[in-house]
Amino acid sequence: MKYLIAANWKMHKTVAETLDYLDKFLPAVKDLFTVDIMIAPPFTALASASIKLDAAKKEGAYNVHLGAQNMFWADEGAFTGEISPVMLNELDVQYVIIGHSERRHIFKEDNDLINKKMYSAVEHGIRPILCVGETIEEREQGITLKVIEKQIKAGLAGIEMDMPFIDIAYEPVWAIGTGKTATPEQAEEVHKFIRELIHDLSKGNDSKTRILYGGSVKPENAKNLIVKDHVDGFLVGSASLDPQKFYKIITEVLEV
Ligand code: 13P
């Protein structure tokens, strides 16, 4: 299985900044075929990024994929402010991040809504990355694995057999944007639990599913995390905003 190193830019970068980033980043990574790279800019920059990535593909950069940070489940309708999978398909978006902790906590997305989005993404051929993770209170109460199990079972309800077309990101809420990273051992414990759970849920059909770690990943801690057996890549926030730092994380992974 190829590692997936994904950039979640969150609400950062204009169209001009996106294009400038890609101009710097794409030539550096276009020959790194042993990893999958995904970049998720804001919705407003997807169209321009899509054109740029299409041109880069013609130069051989097949390993860099476009992702969206969110989507709604319906194809169209009276859903003010939302973006549909049909709109993402039109821009050749290949991945979509679903159920990110900021969507769950700031925008109050619940497991039911997340499941509908997951189902819709799979149906439309956009590979979803289902994000799960516990809060610091949940970790301190010792219920981390229970929380993860509930989020995964609810998020995947009805699409367990589509596991080959789904990736999972474990992002402890307390590690996102805080500079605090899970230790490699903490990450591995949860990743191993997720692997066993999705193996059971999909009746062993999980060999194409990557389990990414996210939460303050940077060039300095990437290697210690990726060497763990069940860490299959990263979902990177702030360190992915700088093309050099993101590139460095990718090269750390390649050295393993
Ligand atoms: P940071 O890397 O900024 O902690 O963000 C992680 C994240 O939320 C990626 O989706």
# chains A, B, ... in the order shown; residues from 1 in each chain; ligands from 1

call {"tool": "closest_atom_pairs", "arguments": {"of": "chain A", "to": "ligand 1", "cutoff": "7 Å", "atoms": "only C-alpha atoms and all ligand atoms", "output": "tab-separated table"}}
result
residue	atom	partner	partner_atom_place_in_ligand_line	distance
A:Asn8	CA	ligand 1	10 (O)	5.2
A:His100	CA	ligand 1	10 (O)	6.6
A:Glu171	CA	ligand 1	8 (O)	6.8
A:Ala175	CA	ligand 1	4 (O)	6.0
A:Ile176	CA	ligand 1	4 (O)	3.5
A:Gly177	CA	ligand 1	4 (O)	3.5
A:Thr178	CA	ligand 1	4 (O)	6.1
A:Gly179	CA	ligand 1	4 (O)	6.5
A:Gly214	CA	ligand 1	6 (C)	5.0
A:Gly215	CA	ligand 1	4 (O)	3.9
A:Ser216	CA	ligand 1	4 (O)	3.5
A:Val217	CA	ligand 1	2 (O)	5.2
A:Leu235	CA	ligand 1	9 (C)	4.9
A:Val236	CA	ligand 1	2 (O)	4.4
A:Gly237	CA	ligand 1	2 (O)	3.3
A:Ser238	CA	ligand 1	3 (O)	3.8
A:Ala239	CA	ligand 1	2 (O)	6.0

call {"tool": "write_last_selection", "arguments": {"atoms": "N, CA, C and O atoms", "output": "CSV table (one decimal), in the first residue's frame"}}
result
chain,number,residue,atom,x,y,z
A,8,ASN,N,-4.1,19.5,4.4
A,8,ASN,CA,-5.4,20.2,4.7
A,8,ASN,C,-5.1,21.7,5.0
A,8,ASN,O,-4.6,22.0,6.1
A,100,HIS,N,-14.0,16.2,9.7
A,100,HIS,CA,-12.9,16.8,10.4
A,100,HIS,C,-13.3,17.3,11.7
A,100,HIS,O,-14.4,17.8,11.9
A,171,GLU,N,-7.1,11.8,14.2
A,171,GLU,CA,-6.7,13.1,14.6
A,171,GLU,C,-7.1,13.4,16.0
A,171,GLU,O,-8.3,13.9,16.2
A,175,ALA,N,-4.5,17.4,19.7
A,175,ALA,CA,-3.2,17.5,19.0
A,175,ALA,C,-3.3,18.4,17.8
A,175,ALA,O,-2.3,18.7,17.1
A,176,ILE,N,-4.5,18.9,17.5
A,176,ILE,CA,-4.8,19.6,16.3
A,176,ILE,C,-4.5,21.1,16.5
A,176,ILE,O,-5.1,21.7,17.4
A,177,GLY,N,-3.5,21.6,15.8
A,177,GLY,CA,-3.2,23.1,15.9
A,177,GLY,C,-2.7,23.5,17.3
A,177,GLY,O,-2.6,24.7,17.6
A,178,THR,N,-2.3,22.5,18.1
A,178,THR,CA,-1.8,22.9,19.4
A,178,THR,C,-0.3,22.8,19.6
A,178,THR,O,0.3,23.2,20.6
A,179,GLY,N,0.4,22.2,18.6
A,179,GLY,CA,1.8,21.9,18.7
A,179,GLY,C,2.1,20.7,19.5
A,179,GLY,O,3.2,20.2,19.5
A,214,GLY,N,-3.0,12.6,12.0
A,214,GLY,CA,-3.0,14.1,11.9
A,214,GLY,C,-3.0,14.7,13.3
A,214,GLY,O,-3.6,14.2,14.2
A,215,GLY,N,-2.3,15.9,13.4
A,215,GLY,CA,-2.3,16.6,14.6
A,215,GLY,C,-0.8,17.0,14.9
A,215,GLY,O,0.0,16.2,15.4
A,216,SER,N,-0.5,18.3,14.5
A,216,SER,CA,0.8,18.9,14.7
A,216,SER,C,1.9,18.0,14.0
A,216,SER,O,3.0,17.9,14.6
A,217,VAL,N,1.6,17.4,12.9
A,217,VAL,CA,2.7,16.7,12.1
A,217,VAL,C,3.7,17.8,11.6
A,217,VAL,O,3.2,18.8,11.0
A,235,LEU,N,-2.2,13.4,7.7
A,235,LEU,CA,-3.1,14.6,7.3
A,235,LEU,C,-2.5,15.8,8.0
A,235,LEU,O,-2.5,15.9,9.2
A,236,VAL,N,-1.9,16.7,7.2
A,236,VAL,CA,-1.1,17.7,7.8
A,236,VAL,C,-1.8,19.1,7.7
A,236,VAL,O,-2.3,19.4,6.6
A,237,GLY,N,-1.9,19.8,8.7
A,237,GLY,CA,-2.5,21.1,8.7
A,237,GLY,C,-1.5,22.2,8.5
A,237,GLY,O,-0.9,22.4,7.4
A,238,SER,N,-1.1,22.9,9.6
A,238,SER,CA,-0.3,24.1,9.5
A,238,SER,C,1.0,23.9,8.8
A,238,SER,O,1.5,24.8,8.0
A,239,ALA,N,1.7,22.8,9.0
A,239,ALA,CA,3.0,22.6,8.3
A,239,ALA,C,2.9,22.4,6.8
A,239,ALA,O,3.8,22.5,6.1

call {"tool": "residues_around", "arguments": {"residues": "segment 154-162 of chain A", "least_positions_apart": "3", "cutoff": "9 Å", "atoms": "only C-alpha atoms", "output": "JSON, numbers by chain"}}
result
{"A": [99, 111, 112, 113, 114, 115, 116, 117, 118, 119, 122, 130, 149, 150, 151, 165, 166, 198, 201, 202, 203, 205, 206]}

call {"tool": "write_last_selection", "arguments": {"atoms": "N, CA, C and O atoms", "output": "CSV table (one decimal), in the first residue's frame"}}
result
chain,number,residue,atom,x,y,z
A,99,GLY,N,-15.9,14.8,8.1
A,99,GLY,CA,-15.9,14.7,9.5
A,99,GLY,C,-14.7,15.2,10.3
A,99,GLY,O,-14.4,14.7,11.4
A,111,ASN,N,-22.6,12.4,13.7
A,111,ASN,CA,-22.2,11.1,13.0
A,111,ASN,C,-23.2,10.8,11.9
A,111,ASN,O,-22.8,10.2,10.9
A,112,ASP,N,-24.5,11.1,12.1
A,112,ASP,CA,-25.4,10.8,11.0
A,112,ASP,C,-25.2,11.6,9.8
A,112,ASP,O,-25.2,11.0,8.6
A,113,LEU,N,-24.9,12.9,9.9
A,113,LEU,CA,-24.6,13.7,8.8
A,113,LEU,C,-23.3,13.2,8.1
A,113,LEU,O,-23.2,13.1,6.9
A,114,ILE,N,-22.3,12.9,8.9
A,114,ILE,CA,-21.0,12.5,8.4
A,114,ILE,C,-21.2,11.2,7.6
A,114,ILE,O,-20.6,11.0,6.5
A,115,ASN,N,-22.1,10.3,8.1
A,115,ASN,CA,-22.3,9.0,7.4
A,115,ASN,C,-23.0,9.3,6.0
A,115,ASN,O,-22.6,8.7,5.0
A,116,LYS,N,-23.9,10.3,6.0
A,116,LYS,CA,-24.5,10.6,4.7
A,116,LYS,C,-23.5,11.1,3.7
A,116,LYS,O,-23.5,10.8,2.5
A,117,LYS,N,-22.6,11.9,4.2
A,117,LYS,CA,-21.6,12.5,3.3
A,117,LYS,C,-20.6,11.4,2.9
A,117,LYS,O,-20.2,11.4,1.7
A,118,MET,N,-20.3,10.5,3.7
A,118,MET,CA,-19.4,9.4,3.4
A,118,MET,C,-20.0,8.5,2.3
A,118,MET,O,-19.4,8.2,1.3
A,119,TYR,N,-21.3,8.2,2.5
A,119,TYR,CA,-22.0,7.4,1.5
A,119,TYR,C,-22.1,8.1,0.2
A,119,TYR,O,-21.8,7.5,-0.9
A,122,VAL,N,-18.6,8.1,-1.7
A,122,VAL,CA,-18.3,6.8,-2.3
A,122,VAL,C,-19.1,6.7,-3.5
A,122,VAL,O,-18.6,6.3,-4.6
A,130,LEU,N,-12.2,9.7,6.2
A,130,LEU,CA,-13.0,9.9,7.4
A,130,LEU,C,-12.2,10.2,8.6
A,130,LEU,O,-11.3,9.4,8.9
A,149,GLU,N,-14.3,4.0,18.2
A,149,GLU,CA,-15.1,2.9,17.6
A,149,GLU,C,-16.5,3.4,17.2
A,149,GLU,O,-17.0,3.1,16.1
A,150,LYS,N,-17.1,4.3,18.1
A,150,LYS,CA,-18.4,4.8,17.7
A,150,LYS,C,-18.3,5.7,16.5
A,150,LYS,O,-19.2,5.6,15.6
A,151,GLN,N,-17.3,6.5,16.4
A,151,GLN,CA,-17.2,7.4,15.2
A,151,GLN,C,-17.0,6.6,13.9
A,151,GLN,O,-17.6,6.9,12.9
A,165,PHE,N,-12.2,1.8,-1.0
A,165,PHE,CA,-12.2,3.2,-1.6
A,165,PHE,C,-12.3,4.2,-0.5
A,165,PHE,O,-12.7,5.4,-0.7
A,166,ILE,N,-11.8,3.9,0.7
A,166,ILE,CA,-12.0,4.8,1.9
A,166,ILE,C,-10.6,4.9,2.6
A,166,ILE,O,-10.0,3.8,2.8
A,198,ILE,N,-11.7,-2.0,11.3
A,198,ILE,CA,-12.1,-1.9,9.9
A,198,ILE,C,-11.9,-3.3,9.2
A,198,ILE,O,-12.6,-3.6,8.3
A,201,LEU,N,-15.1,-5.0,10.2
A,201,LEU,CA,-16.3,-4.4,9.6
A,201,LEU,C,-16.4,-4.7,8.1
A,201,LEU,O,-17.4,-4.9,7.6
A,202,SER,N,-15.2,-4.8,7.5
A,202,SER,CA,-15.2,-5.0,6.0
A,202,SER,C,-15.0,-6.4,5.6
A,202,SER,O,-14.8,-6.8,4.5
A,203,LYS,N,-15.0,-7.3,6.6
A,203,LYS,CA,-14.7,-8.7,6.5
A,203,LYS,C,-13.4,-9.0,5.7
A,203,LYS,O,-13.3,-9.7,4.8
A,205,ASN,N,-11.6,-6.8,4.0
A,205,ASN,CA,-11.4,-6.1,2.7
A,205,ASN,C,-10.8,-4.8,2.9
A,205,ASN,O,-11.2,-3.8,2.3
A,206,ASP,N,-9.8,-4.7,3.8
A,206,ASP,CA,-9.3,-3.3,4.2
A,206,ASP,C,-7.9,-3.1,3.8
A,206,ASP,O,-7.2,-2.1,4.2

call {"tool": "closest_atom_pairs", "arguments": {"of": "segment 16-131 of chain A", "to": "segment 228-233 of chain A", "cutoff": "10 Å", "atoms": "only C-alpha atoms", "output": "CSV"}}
result
residue,atom,partner,partner_atom,distance
A:Val35,CA,A:Gly233,CA,9.0
A:Asp36,CA,A:Gly233,CA,9.1
A:Ile37,CA,A:Gly233,CA,9.6

call {"tool": "write_last_selection", "arguments": {"atoms": "C-alpha atoms", "output": "mmCIF file, in the first residue's frame"}}
result
data_model
loop_
_atom_site.group_PDB
_atom_site.id
_atom_site.type_symbol
_atom_site.label_atom_id
_atom_site.label_comp_id
_atom_site.auth_asym_id
_atom_site.auth_seq_id
_atom_site.Cartn_x
_atom_site.Cartn_y
_atom_site.Cartn_z
ATOM 1 C CA VAL A 35 3.855 8.106 -2.278
ATOM 2 C CA ASP A 36 0.418 9.556 -2.964
ATOM 3 C CA ILE A 37 0.206 13.261 -2.250
#

call {"tool": "closest_residue", "arguments": {"among": "A:Pro85, A:Gly142, A:Pro219, A:Gly60", "to": "Pro27 of chain A", "atoms": "only C-alpha atoms"}}
result
A:Gly60

call {"tool": "residues_around", "arguments": {"residues": "Ile98 of chain A", "least_positions_apart": "2", "cutoff": "10 Å", "atoms": "only C-alpha atoms", "output": "ChimeraX atom specification"}}
result
/A:68-72,95-96,100-101,103-104,109,113-115,117-118,121,127-132,155,168-169
